[in-house]
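Okay, coords.cif now, which holds mmCIF, C-alpha atoms and all ligand atoms:
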```cif
data_protein
#
loop_
_atom_site.label_atom_id
_atom_site.label_comp_id
_atom_site.auth_asym_id
_atom_site.auth_seq_id
_atom_site.Cartn_x
_atom_site.Cartn_y
_atom_site.Cartn_z
CA MET J 1 -101.80 76.89 -50.17
CA LYS J 2 -99.50 78.17 -52.94
CA ASP J 3 -100.90 78.07 -56.45
CA ARG J 4 -104.43 78.71 -55.22
CA THR J 5 -106.69 81.44 -56.55
CA ALA J 6 -109.22 83.28 -54.40
CA LEU J 7 -111.99 85.63 -55.46
CA ILE J 8 -112.97 88.09 -52.73
CA THR J 9 -116.05 90.26 -53.09
CA GLY J 10 -116.04 93.53 -51.17
CA ALA J 11 -112.24 93.74 -51.20
CA THR J 12 -112.17 97.55 -51.19
CA SER J 13 -112.77 97.89 -47.46
CA GLY J 14 -113.04 96.24 -44.06
CA ILE J 15 -113.14 92.45 -43.80
CA GLY J 16 -112.61 91.85 -47.53
CA MET J 17 -109.55 94.09 -47.69
CA ALA J 18 -108.00 92.55 -44.55
CA THR J 19 -108.61 89.07 -45.99
CA ALA J 20 -106.97 90.06 -49.27
CA ARG J 21 -103.88 91.21 -47.35
CA ILE J 22 -103.51 87.94 -45.41
CA PHE J 23 -104.14 85.85 -48.51
CA ALA J 24 -101.60 87.84 -50.54
CA LYS J 25 -98.91 87.49 -47.89
CA ASN J 26 -99.43 83.74 -48.05
CA GLY J 27 -99.03 83.65 -51.81
CA ILE J 28 -102.67 83.17 -52.81
CA ARG J 29 -103.41 84.52 -56.30
CA LEU J 30 -106.16 87.11 -55.92
CA ILE J 31 -109.18 88.40 -57.78
CA LEU J 32 -110.28 91.52 -55.94
CA CYS J 33 -113.85 92.72 -56.49
CA GLY J 34 -115.70 95.89 -55.62
CA ARG J 35 -117.14 99.02 -57.18
CA ARG J 36 -114.56 101.64 -56.14
CA GLN J 37 -111.95 101.35 -58.90
CA GLU J 38 -109.36 103.59 -57.25
CA ARG J 39 -109.40 101.41 -54.11
CA LEU J 40 -109.16 98.23 -56.16
CA ASP J 41 -106.17 99.66 -58.02
CA ALA J 42 -104.45 100.86 -54.83
CA LEU J 43 -104.88 97.49 -53.13
CA ALA J 44 -103.74 95.63 -56.23
CA SER J 45 -100.54 97.67 -56.42
CA GLU J 46 -99.92 97.17 -52.69
CA LEU J 47 -100.33 93.38 -52.95
CA GLN J 48 -98.65 92.75 -56.29
CA LYS J 49 -95.29 92.41 -54.56
CA PHE J 50 -96.61 89.28 -52.81
CA THR J 51 -98.76 87.59 -55.45
CA GLU J 52 -100.53 87.91 -58.80
CA VAL J 53 -103.57 90.18 -58.52
CA TYR J 54 -106.44 90.87 -60.88
CA VAL J 55 -109.24 93.33 -60.22
CA LEU J 56 -112.87 93.06 -61.26
CA ASN J 57 -115.16 96.05 -60.95
CA PHE J 58 -118.82 95.12 -60.71
CA ASP J 59 -121.86 95.81 -58.62
CA VAL J 60 -122.98 92.42 -57.30
CA ARG J 61 -126.58 93.51 -58.01
CA ASN J 62 -125.89 93.59 -61.74
CA ARG J 63 -126.19 89.94 -62.69
CA ILE J 64 -125.16 90.52 -66.32
CA HIS J 65 -121.91 92.21 -65.24
CA VAL J 66 -121.26 89.59 -62.57
CA PHE J 67 -121.47 86.76 -65.10
CA GLU J 68 -119.65 88.65 -67.89
CA GLN J 69 -116.74 89.56 -65.66
CA ILE J 70 -116.30 86.24 -63.89
CA GLN J 71 -116.81 84.16 -67.04
CA GLY J 72 -114.43 86.49 -68.92
CA LEU J 73 -111.48 85.85 -66.58
CA SER J 74 -108.29 84.86 -68.36
CA GLU J 75 -107.08 81.27 -68.01
CA ALA J 76 -104.56 82.29 -65.33
CA PHE J 77 -107.38 83.41 -63.01
CA SER J 78 -110.38 81.35 -64.14
CA GLU J 79 -109.80 78.34 -61.86
CA ILE J 80 -111.08 79.82 -58.61
CA ASP J 81 -110.27 77.64 -55.59
CA ILE J 82 -111.62 79.91 -52.87
CA LEU J 83 -114.64 82.20 -53.01
CA ILE J 84 -115.15 84.68 -50.19
CA ASN J 85 -118.72 85.96 -50.44
CA ASN J 86 -118.16 89.07 -48.37
CA ALA J 87 -119.68 92.08 -50.21
CA GLY J 88 -122.56 93.49 -48.26
CA ASN J 89 -123.76 96.17 -45.92
CA ALA J 90 -126.65 97.38 -43.83
CA HIS J 91 -128.60 100.36 -45.16
CA GLY J 92 -130.51 102.26 -42.48
CA LEU J 93 -131.63 101.29 -38.99
CA ASP J 94 -135.37 101.87 -38.81
CA THR J 95 -138.55 100.21 -37.67
CA ILE J 96 -140.43 98.36 -40.35
CA GLN J 97 -143.02 101.16 -40.45
CA ASP J 98 -140.38 103.84 -41.00
CA GLY J 99 -137.95 101.87 -43.17
CA SER J 100 -137.03 102.97 -46.69
CA VAL J 101 -138.01 100.63 -49.49
CA ASP J 102 -134.81 101.61 -51.32
CA ASP J 103 -132.78 100.50 -48.30
CA TRP J 104 -134.66 97.18 -48.22
CA ASP J 105 -134.01 96.64 -51.93
CA ALA J 106 -130.31 97.42 -51.48
CA MET J 107 -129.85 94.96 -48.61
CA LEU J 108 -131.75 92.11 -50.21
CA ASP J 109 -130.26 92.69 -53.66
CA ILE J 110 -126.65 93.01 -52.44
CA ASN J 111 -126.45 90.71 -49.42
CA VAL J 112 -128.64 87.92 -50.78
CA LYS J 113 -129.07 88.06 -54.55
CA GLY J 114 -125.55 89.40 -55.18
CA LEU J 115 -124.07 86.54 -53.18
CA LEU J 116 -126.14 84.09 -55.22
CA TYR J 117 -125.10 85.59 -58.58
CA VAL J 118 -121.39 85.48 -57.74
CA THR J 119 -121.66 81.92 -56.44
CA LYS J 120 -123.56 80.78 -59.54
CA ALA J 121 -120.87 82.30 -61.77
CA VAL J 122 -117.98 80.70 -59.85
CA LEU J 123 -119.42 77.24 -59.18
CA PRO J 124 -119.24 75.50 -62.59
CA ASN J 125 -115.44 75.32 -62.54
CA MET J 126 -115.40 74.16 -58.90
CA ILE J 127 -117.87 71.40 -59.77
CA LYS J 128 -115.79 70.42 -62.81
CA SER J 129 -112.61 70.23 -60.76
CA LYS J 130 -114.40 68.55 -57.80
CA SER J 131 -112.74 70.98 -55.42
CA GLY J 132 -113.22 74.42 -53.98
CA HIS J 133 -114.05 76.35 -50.84
CA ILE J 134 -116.86 78.86 -50.45
CA ILE J 135 -116.95 81.06 -47.36
CA ASN J 136 -120.10 83.08 -46.86
CA ILE J 137 -119.81 86.06 -44.55
CA GLY J 138 -122.96 85.97 -42.47
CA SER J 139 -123.46 87.83 -39.21
CA THR J 140 -124.77 87.53 -35.69
CA ALA J 141 -127.67 89.34 -37.40
CA GLY J 142 -128.25 86.06 -39.22
CA LYS J 143 -128.65 84.24 -35.92
CA GLU J 144 -130.91 86.68 -34.06
CA VAL J 145 -132.99 89.77 -34.78
CA TYR J 146 -132.47 93.11 -33.05
CA PRO J 147 -134.69 96.20 -32.85
CA LYS J 148 -134.79 98.09 -36.18
CA GLY J 149 -132.57 95.42 -37.74
CA ASN J 150 -135.56 93.79 -39.50
CA VAL J 151 -134.49 93.64 -43.18
CA TYR J 152 -130.71 93.55 -42.59
CA CYS J 153 -131.29 90.64 -40.19
CA ALA J 154 -133.55 89.00 -42.79
CA SER J 155 -130.80 89.30 -45.39
CA LYS J 156 -128.27 87.67 -43.06
CA HIS J 157 -130.75 84.95 -42.03
CA ALA J 158 -131.04 84.30 -45.77
CA VAL J 159 -127.24 84.00 -45.98
CA ASP J 160 -127.42 81.47 -43.13
CA ALA J 161 -130.06 79.45 -45.00
CA ILE J 162 -128.18 79.69 -48.30
CA ASN J 163 -124.98 78.57 -46.57
CA GLN J 164 -126.74 75.48 -45.22
CA GLY J 165 -128.49 74.84 -48.53
CA MET J 166 -125.27 75.14 -50.54
CA ARG J 167 -123.52 72.73 -48.21
CA ILE J 168 -126.30 70.17 -48.67
CA ASP J 169 -126.44 70.54 -52.45
CA LEU J 170 -122.66 70.42 -52.89
CA ASN J 171 -122.13 67.54 -50.49
CA GLY J 172 -120.10 64.83 -52.21
CA LYS J 173 -118.73 67.22 -54.83
CA GLY J 174 -115.46 68.00 -53.06
CA ILE J 175 -116.45 71.60 -52.32
CA LYS J 176 -116.34 73.02 -48.80
CA VAL J 177 -119.06 75.49 -47.81
CA GLY J 178 -119.04 77.40 -44.56
CA ALA J 179 -120.11 80.64 -42.94
CA ILE J 180 -118.25 83.01 -40.65
CA ASN J 181 -120.70 85.12 -38.65
CA PRO J 182 -119.10 88.16 -37.05
CA GLY J 183 -120.57 90.35 -34.35
CA LEU J 184 -119.59 94.03 -34.20
CA VAL J 185 -116.53 94.76 -36.35
CA ALA J 186 -115.16 98.30 -36.65
CA THR J 187 -115.15 98.84 -40.43
CA GLU J 188 -116.97 101.21 -42.77
CA PHE J 189 -120.10 99.13 -42.12
CA SER J 190 -121.82 101.65 -39.81
CA GLU J 191 -120.76 104.61 -41.94
CA VAL J 192 -122.59 102.98 -44.86
CA ARG J 193 -125.54 102.06 -42.66
CA PHE J 194 -125.87 105.68 -41.49
CA LYS J 195 -125.25 107.11 -44.97
CA GLY J 196 -121.97 108.87 -44.25
CA ASP J 197 -122.87 110.15 -40.75
CA SER J 198 -119.47 109.30 -39.29
CA LYS J 199 -120.26 110.67 -35.81
CA ARG J 200 -123.20 108.29 -35.49
CA ALA J 201 -121.13 105.48 -36.98
CA ASP J 202 -118.23 106.02 -34.55
CA LYS J 203 -120.64 105.85 -31.59
CA VAL J 204 -121.47 102.24 -32.46
CA TYR J 205 -117.92 101.21 -31.55
CA GLU J 206 -117.35 103.59 -28.62
CA GLY J 207 -116.82 102.42 -25.02
CA PHE J 208 -115.67 98.88 -25.79
CA SER J 209 -113.14 97.03 -27.94
CA PRO J 210 -114.93 95.81 -31.04
CA LEU J 211 -113.55 93.21 -33.40
CA GLN J 212 -111.25 94.52 -36.11
CA ALA J 213 -111.40 93.46 -39.75
CA GLU J 214 -108.06 91.66 -39.27
CA ASP J 215 -109.58 89.47 -36.52
CA ILE J 216 -112.11 88.11 -39.00
CA ALA J 217 -109.53 87.83 -41.78
CA GLU J 218 -107.36 85.65 -39.54
CA ILE J 219 -110.33 83.37 -38.87
CA ILE J 220 -111.05 83.15 -42.59
CA TRP J 221 -107.40 82.24 -43.13
CA PHE J 222 -107.72 79.57 -40.40
CA ALA J 223 -110.80 78.16 -42.17
CA VAL J 224 -109.12 77.93 -45.56
CA THR J 225 -105.99 76.29 -44.18
CA ARG J 226 -107.68 73.33 -42.46
CA PRO J 227 -106.78 69.87 -43.75
CA PRO J 228 -108.78 68.62 -46.77
CA HIS J 229 -111.25 66.60 -44.66
CA VAL J 230 -112.08 69.48 -42.27
CA ASN J 231 -114.77 72.06 -43.08
CA ILE J 232 -115.63 74.94 -40.76
CA ALA J 233 -119.38 74.85 -41.42
CA ASP J 234 -120.61 77.71 -39.29
CA LEU J 235 -118.64 79.89 -36.93
CA THR J 236 -119.89 82.85 -34.90
CA VAL J 237 -117.39 85.28 -33.43
CA MET J 238 -117.92 88.24 -31.12
CA CYS J 239 -115.60 90.51 -29.18
CA LEU J 240 -115.21 89.94 -25.46
CA ASP J 241 -117.63 92.76 -24.61
CA GLN J 242 -120.45 91.50 -26.83
CA ALA J 243 -122.86 88.83 -25.61
CA SER J 244 -125.61 89.23 -28.23
CA SER J 245 -126.73 91.79 -30.78
CA THR J 246 -128.22 93.96 -28.04
CA ILE J 247 -125.99 93.16 -25.06
CA VAL J 248 -122.70 95.01 -25.30
CA ASN J 249 -120.72 95.92 -22.21
CA LYS J 250 -119.96 99.61 -22.87
CA LYS J 251 -117.97 101.66 -20.37
P1 LIG E 301 -117.39 97.61 -45.33
O1 LIG E 301 -118.43 98.63 -45.57
O2 LIG E 301 -116.09 98.04 -44.77
O3 LIG E 301 -117.14 96.77 -46.66
C1 LIG E 301 -118.18 96.39 -47.50
C2 LIG E 301 -117.62 95.90 -48.81
O4 LIG E 301 -118.71 95.44 -49.63
C3 LIG E 301 -116.92 96.99 -49.58
O5 LIG E 301 -115.72 96.50 -50.12
C4 LIG E 301 -117.88 97.35 -50.69
O6 LIG E 301 -117.17 97.70 -51.85
C5 LIG E 301 -118.59 96.02 -50.92
N1 LIG E 301 -119.91 96.23 -51.51
C6 LIG E 301 -120.97 96.84 -50.93
N2 LIG E 301 -121.99 96.92 -51.80
C7 LIG E 301 -121.56 96.36 -52.95
C8 LIG E 301 -122.15 96.15 -54.22
N3 LIG E 301 -123.40 96.56 -54.49
N4 LIG E 301 -121.43 95.52 -55.18
C9 LIG E 301 -120.17 95.13 -54.93
N5 LIG E 301 -119.55 95.29 -53.75
C10 LIG E 301 -120.24 95.90 -52.77
O7 LIG E 301 -118.07 96.53 -44.35
P2 LIG E 301 -117.53 95.16 -43.70
O8 LIG E 301 -116.17 94.84 -44.13
O9 LIG E 301 -117.83 95.24 -42.26
O10 LIG E 301 -118.59 94.16 -44.34
C11 LIG E 301 -118.21 92.99 -45.06
C12 LIG E 301 -119.26 91.92 -44.79
O11 LIG E 301 -119.26 91.61 -43.41
C13 LIG E 301 -120.70 92.32 -45.14
O12 LIG E 301 -121.34 91.22 -45.74
C14 LIG E 301 -121.31 92.62 -43.77
O13 LIG E 301 -122.69 92.42 -43.77
C15 LIG E 301 -120.59 91.59 -42.93
N6 LIG E 301 -120.57 91.84 -41.50
C16 LIG E 301 -120.06 93.01 -41.00
C17 LIG E 301 -120.05 93.22 -39.63
C18 LIG E 301 -119.59 94.48 -39.01
O14 LIG E 301 -119.93 94.74 -37.84
N7 LIG E 301 -118.79 95.29 -39.69
C19 LIG E 301 -120.54 92.18 -38.71
C20 LIG E 301 -121.09 91.02 -39.36
C21 LIG E 301 -121.07 90.86 -40.69
P3 LIG E 301 -117.55 98.90 -52.87
O15 LIG E 301 -118.30 99.93 -52.07
O16 LIG E 301 -116.25 99.35 -53.41
O17 LIG E 301 -118.40 98.23 -53.90
C1 LIG E 302 -123.18 93.45 -38.58
C2 LIG E 302 -123.33 93.30 -37.10
O1 LIG E 302 -124.87 93.84 -35.13
O2 LIG E 302 -124.37 95.64 -36.69
O3 LIG E 302 -123.73 92.35 -39.25
O4 LIG E 302 -125.84 93.84 -37.33
S1 LIG E 302 -124.68 94.20 -36.57
#
```
Before anything else, please render the file you have as structure tokens.
Ligand code: NDP
Ligand code: 8X3
Amino acid sequence: MKDRTALITGATSGIGMATARIFAKNGIRLILCGRRQERLDALASELQKFTEVYVLNFDVRNRIHVFEQIQGLSEAFSEIDILINNAGNAHGLDTIQDGSVDDWDAMLDINVKGLLYVTKAVLPNMIKSKSGHIINIGSTAGKEVYPKGNVYCASKHAVDAINQGMRIDLNGKGIKVGAINPGLVATEFSEVRFKGDSKRADKVYEGFSPLQAEDIAEIIWFAVTRPPHVNIADLTVMCLDQASSTIVNKK
């Protein structure tokens, strides 16, 4: 795996940050992406003792910035072998009749269109080199729909469809495409969903042992270290206490 370069979106927190740490410790050259510059810089300085690190600050919704920044990468970082399409969040938890249109725009623009922009910017070099690995972070919310999850679930169902579509279109081009679909993971996800209401966010993970970001990062590492002929196409992972989006065994 040495001499590989990975671009990770959403590296400033949660699953993306944990993945960056595992990749760095295994010598993968890293391009860390996110909007919070101070977090990008802190992570870069933490990981620079293990590997070469470059940071890109863009909002995945801004297609001009996405293309400018990825196409402007220096030669040392421009050959991206692994793309982790991870940036995303839920915004709000409301019925369709009470939902905020701004929240809907955010989820569809970030989770769906942002993932597409980044992929489109990274793909040409993978196609040229006839190799690469794209991992799309989906969700159990992309496999089922739960009350008030409407648009977030729609965005993750779209990721599921895009993952399948990408795999079909890139078949025969030497590029692996697969999705990892986590259930409940204790990250900043719920804090973002509930707009900084940390008490409400903490309650989501109370009374059971949720997945941790590192659990998902280890699975991502497993996926990228399979032999060349093996592609993890679609993998759903939940904690022991979760059976579905709505069935969680809380004490
Ligand atoms: P976090 O909130 O901890 O991390 C989200 C990351 O996405 C941050 O690094 C954030 O960086 C980045 N991000 C958000 N919006 C944008 C944007 N507009 N442009 C660029 N980057 C953005 O959540 P998780 O680690 O849990 O989430 C990572 C992925 O995992 C998401 O796709 C989420 O849907 C998915 N997931 C999460 C689950 C969970 O229970 N936690 C379960 C299933 C899937 P910054 O704010 O610096 O831009
Ligand atoms: C995140 C998991 O159940 O909060 O995708 O939607 S859930």
Sphere at (-128.7, 86.0, -60.7), radius 9 Å, counting only C-alpha atoms: residues as a ChimeraX atom specification = /J:61-64,66-67,113-118,120-121
May I ask you to write as a ChimeraX atom specification all residues lying at most 8 Å from ligand LIG 302 (chain E), with all atoms listed in the file counted?
-> /J:89-90,138-142,146,149,152-153,156,181-185,189-190,245-246
CA of Gly196 in chain J to CA of Asn86 in chain J: how many Å, to one decimal?
->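 These two atoms are separated by 20.6 Å.
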How big is the axis-aligned box around all listed atoms of ligand LIG 301 (chain E) once 6 Å goes on each side, and where's its centre, in Å to one decimal, as AutoDock Vina command-line options?
```
--center_x -119.6 --center_y 95.4 --center_z -46.5 --size_x 19.7 --size_y 21.1 --size_z 29.3
```
How far is it from atom N1 of ligand LIG 301 (chain E) to CA of Asp98 in chain J, in Å with one decimal?
->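 Between these atoms lies a distance of 24.2 Å.
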Do a neighbour search on Ala42 in chain J at 12 Å with all atoms listed in the file, toss out local chain neighbours closer than 6 positions, and write the hits as a list in words.
->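 Listed by chain and then number, they are Ala11, Thr12, Ser13, Met17, Leu32, Arg36, Gln48, Val53, Tyr54 and Val55 of chain J.
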Nearby residues, (-109.6, 78.7, -49.8) file frame, 10 Å, all atoms listed in the file, as a PyMOL selection string | chain J and resi 1+4-7+23+28+80-84+132-135+176+220-226
Go ahead and save the picked residues with C-alpha atoms, as a PDB file, in the frame of the given file.
```pdb
ATOM      1  CA  MET J   1    -101.800  76.890 -50.170  1.00  0.00           C
ATOM      2  CA  ARG J   4    -104.430  78.710 -55.220  1.00  0.00           C
ATOM      3  CA  THR J   5    -106.690  81.440 -56.550  1.00  0.00           C
ATOM      4  CA  ALA J   6    -109.220  83.280 -54.400  1.00  0.00           C
ATOM      5  CA  LEU J   7    -111.990  85.630 -55.460  1.00  0.00           C
ATOM      6  CA  PHE J  23    -104.140  85.850 -48.510  1.00  0.00           C
ATOM      7  CA  ILE J  28    -102.670  83.170 -52.810  1.00  0.00           C
ATOM      8  CA  ILE J  80    -111.080  79.820 -58.610  1.00  0.00           C
ATOM      9  CA  ASP J  81    -110.270  77.640 -55.590  1.00  0.00           C
ATOM     10  CA  ILE J  82    -111.620  79.910 -52.870  1.00  0.00           C
ATOM     11  CA  LEU J  83    -114.640  82.200 -53.010  1.00  0.00           C
ATOM     12  CA  ILE J  84    -115.150  84.680 -50.190  1.00  0.00           C
ATOM     13  CA  GLY J 132    -113.220  74.420 -53.980  1.00  0.00           C
ATOM     14  CA  HIS J 133    -114.050  76.350 -50.840  1.00  0.00           C
ATOM     15  CA  ILE J 134    -116.860  78.860 -50.450  1.00  0.00           C
ATOM     16  CA  ILE J 135    -116.950  81.060 -47.360  1.00  0.00           C
ATOM     17  CA  LYS J 176    -116.340  73.020 -48.800  1.00  0.00           C
ATOM     18  CA  ILE J 220    -111.050  83.150 -42.590  1.00  0.00           C
ATOM     19  CA  TRP J 221    -107.400  82.240 -43.130  1.00  0.00           C
ATOM     20  CA  PHE J 222    -107.720  79.570 -40.400  1.00  0.00           C
ATOM     21  CA  ALA J 223    -110.800  78.160 -42.170  1.00  0.00           C
ATOM     22  CA  VAL J 224    -109.120  77.930 -45.560  1.00  0.00           C
ATOM     23  CA  THR J 225    -105.990  76.290 -44.180  1.00  0.00           C
ATOM     24  CA  ARG J 226    -107.680  73.330 -42.460  1.00  0.00           C
TER      25      ARG J 226
END
```
9 Å contact set for Lys25 in chain J, all atoms listed in the file, chain neighbours under 5 positions out, as a list in words |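 Residues meeting the cut-off are Ala20, Leu47, Phe50 and Thr51 of chain J.
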Atomic separation - CA of Ala24 in chain J relative to CA of Arg39 in chain J, Å = 16.1 Å
Near Asp241 in chain J, within 7 Å and counting all atoms listed in the file, which residues show up once chain neighbours fewer than 5 positions away are dropped, as an MDAnalysis selection string?
-> chainID J and resid 208 248:249
Could you take the residues named above and write them with C-alpha atoms, as a short mmCIF file (atom, residue, chain, number, x, y, z; two decimals), in the frame of the given file?
```
data_model
loop_
_atom_site.label_atom_id
_atom_site.label_comp_id
_atom_site.auth_asym_id
_atom_site.auth_seq_id
_atom_site.Cartn_x
_atom_site.Cartn_y
_atom_site.Cartn_z
CA PHE J 208 -115.67 98.88 -25.79
CA VAL J 248 -122.70 95.01 -25.30
CA ASN J 249 -120.72 95.92 -22.21
#
```
Identify which of the residues J:Gly174, J:Gly165, J:Gly27, J:Pro210 lies closest to ligand LIG 301 (chain E), counting all atoms listed in the file when measuring atom-to-atom distances.
->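 So, comparing all the options, the nearest one is J:Pro210.
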For range 101-107 of chain J, list every protein, DNA or RNA residue within 8 Å, evaluated using all atoms listed in the file, and leave out those in the same chain fewer than 4 positions away; present the list as a PDB file with C-alpha atoms, in the frame of the given file.
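Result file is result_14.pdb:
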```
ATOM      1  CA  GLY J  88    -122.560  93.490 -48.260  1.00  0.00           C
ATOM      2  CA  ASN J  89    -123.760  96.170 -45.920  1.00  0.00           C
ATOM      3  CA  ALA J  90    -126.650  97.380 -43.830  1.00  0.00           C
ATOM      4  CA  HIS J  91    -128.600 100.360 -45.160  1.00  0.00           C
ATOM      5  CA  GLY J  92    -130.510 102.260 -42.480  1.00  0.00           C
ATOM      6  CA  ASN J 111    -126.450  90.710 -49.420  1.00  0.00           C
ATOM      7  CA  VAL J 112    -128.640  87.920 -50.780  1.00  0.00           C
ATOM      8  CA  VAL J 151    -134.490  93.640 -43.180  1.00  0.00           C
ATOM      9  CA  TYR J 152    -130.710  93.550 -42.590  1.00  0.00           C
ATOM     10  CA  SER J 155    -130.800  89.300 -45.390  1.00  0.00           C
TER      11      SER J 155
END
```
Counting only C-alpha atoms, what is within 9 Å of Glu188 in chain J, bar same-chain residues fewer than 5 positions away, as a PyMOL selection string?
-> chain J and resi 13-14+193+201
Judged by only C-alpha atoms and all ligand atoms, the minimum distance to ligand LIG 301 (chain E) among J:Leu170, J:Ile216, J:Val230, J:Val60 is found for J:Val60
Need a file for range 101-157 of chain J from that block: C-alpha atoms, written as a PDB file, in the first residue's frame.
```pdb
ATOM      1  CA  VAL J 101     -36.154  23.707   2.561  1.00  0.00           C
ATOM      2  CA  ASP J 102     -32.672  24.961   3.479  1.00  0.00           C
ATOM      3  CA  ASP J 103     -31.987  21.669   5.269  1.00  0.00           C
ATOM      4  CA  TRP J 104     -33.188  19.722   2.216  1.00  0.00           C
ATOM      5  CA  ASP J 105     -30.931  21.771  -0.062  1.00  0.00           C
ATOM      6  CA  ALA J 106     -27.953  21.206   2.240  1.00  0.00           C
ATOM      7  CA  MET J 107     -28.397  17.425   2.361  1.00  0.00           C
ATOM      8  CA  LEU J 108     -28.969  16.969  -1.353  1.00  0.00           C
ATOM      9  CA  ASP J 109     -26.249  19.436  -2.349  1.00  0.00           C
ATOM     10  CA  ILE J 110     -23.609  18.040   0.037  1.00  0.00           C
ATOM     11  CA  ASN J 111     -24.372  14.326   0.258  1.00  0.00           C
ATOM     12  CA  VAL J 112     -25.310  13.801  -3.385  1.00  0.00           C
ATOM     13  CA  LYS J 113     -24.091  16.595  -5.651  1.00  0.00           C
ATOM     14  CA  GLY J 114     -20.897  17.199  -3.661  1.00  0.00           C
ATOM     15  CA  LEU J 115     -20.002  13.522  -3.913  1.00  0.00           C
ATOM     16  CA  LEU J 116     -20.587  13.686  -7.672  1.00  0.00           C
ATOM     17  CA  TYR J 117     -18.446  16.818  -8.145  1.00  0.00           C
ATOM     18  CA  VAL J 118     -15.489  15.361  -6.234  1.00  0.00           C
ATOM     19  CA  THR J 119     -15.746  12.067  -8.108  1.00  0.00           C
ATOM     20  CA  LYS J 120     -15.922  13.826 -11.476  1.00  0.00           C
ATOM     21  CA  ALA J 121     -12.805  15.844 -10.617  1.00  0.00           C
ATOM     22  CA  VAL J 122     -10.816  12.791  -9.464  1.00  0.00           C
ATOM     23  CA  LEU J 123     -11.858  10.244 -12.097  1.00  0.00           C
ATOM     24  CA  PRO J 124      -9.961  11.353 -15.243  1.00  0.00           C
ATOM     25  CA  ASN J 125      -6.574  10.380 -13.806  1.00  0.00           C
ATOM     26  CA  MET J 126      -7.928   7.064 -12.493  1.00  0.00           C
ATOM     27  CA  ILE J 127      -9.321   6.283 -15.941  1.00  0.00           C
ATOM     28  CA  LYS J 128      -6.020   7.261 -17.562  1.00  0.00           C
ATOM     29  CA  SER J 129      -4.035   5.031 -15.222  1.00  0.00           C
ATOM     30  CA  LYS J 130      -6.641   2.212 -15.412  1.00  0.00           C
ATOM     31  CA  SER J 131      -6.566   1.888 -11.644  1.00  0.00           C
ATOM     32  CA  GLY J 132      -8.141   3.372  -8.569  1.00  0.00           C
ATOM     33  CA  HIS J 133     -10.521   2.719  -5.717  1.00  0.00           C
ATOM     34  CA  ILE J 134     -13.576   4.793  -4.844  1.00  0.00           C
ATOM     35  CA  ILE J 135     -15.326   4.192  -1.536  1.00  0.00           C
ATOM     36  CA  ASN J 136     -18.651   5.921  -1.087  1.00  0.00           C
ATOM     37  CA  ILE J 137     -19.843   6.327   2.485  1.00  0.00           C
ATOM     38  CA  GLY J 138     -23.531   5.498   2.361  1.00  0.00           C
ATOM     39  CA  SER J 139     -25.661   4.635   5.368  1.00  0.00           C
ATOM     40  CA  THR J 140     -28.298   2.283   6.673  1.00  0.00           C
ATOM     41  CA  ALA J 141     -30.424   5.340   5.792  1.00  0.00           C
ATOM     42  CA  GLY J 142     -29.651   4.453   2.177  1.00  0.00           C
ATOM     43  CA  LYS J 143     -31.142   0.997   2.653  1.00  0.00           C
ATOM     44  CA  GLU J 144     -34.326   1.889   4.545  1.00  0.00           C
ATOM     45  CA  VAL J 145     -36.349   4.965   5.467  1.00  0.00           C
ATOM     46  CA  TYR J 146     -37.141   5.971   9.045  1.00  0.00           C
ATOM     47  CA  PRO J 147     -39.679   8.437  10.448  1.00  0.00           C
ATOM     48  CA  LYS J 148     -38.619  12.065   9.805  1.00  0.00           C
ATOM     49  CA  GLY J 149     -35.570  10.824   7.908  1.00  0.00           C
ATOM     50  CA  ASN J 150     -37.220  11.553   4.524  1.00  0.00           C
ATOM     51  CA  VAL J 151     -34.665  13.757   2.712  1.00  0.00           C
ATOM     52  CA  TYR J 152     -31.541  12.481   4.516  1.00  0.00           C
ATOM     53  CA  CYS J 153     -32.642   8.940   3.623  1.00  0.00           C
ATOM     54  CA  ALA J 154     -33.279  10.082   0.044  1.00  0.00           C
ATOM     55  CA  SER J 155     -29.759  11.500  -0.145  1.00  0.00           C
ATOM     56  CA  LYS J 156     -28.264   8.225   1.073  1.00  0.00           C
ATOM     57  CA  HIS J 157     -30.493   6.157  -1.243  1.00  0.00           C
TER      58      HIS J 157
END
```
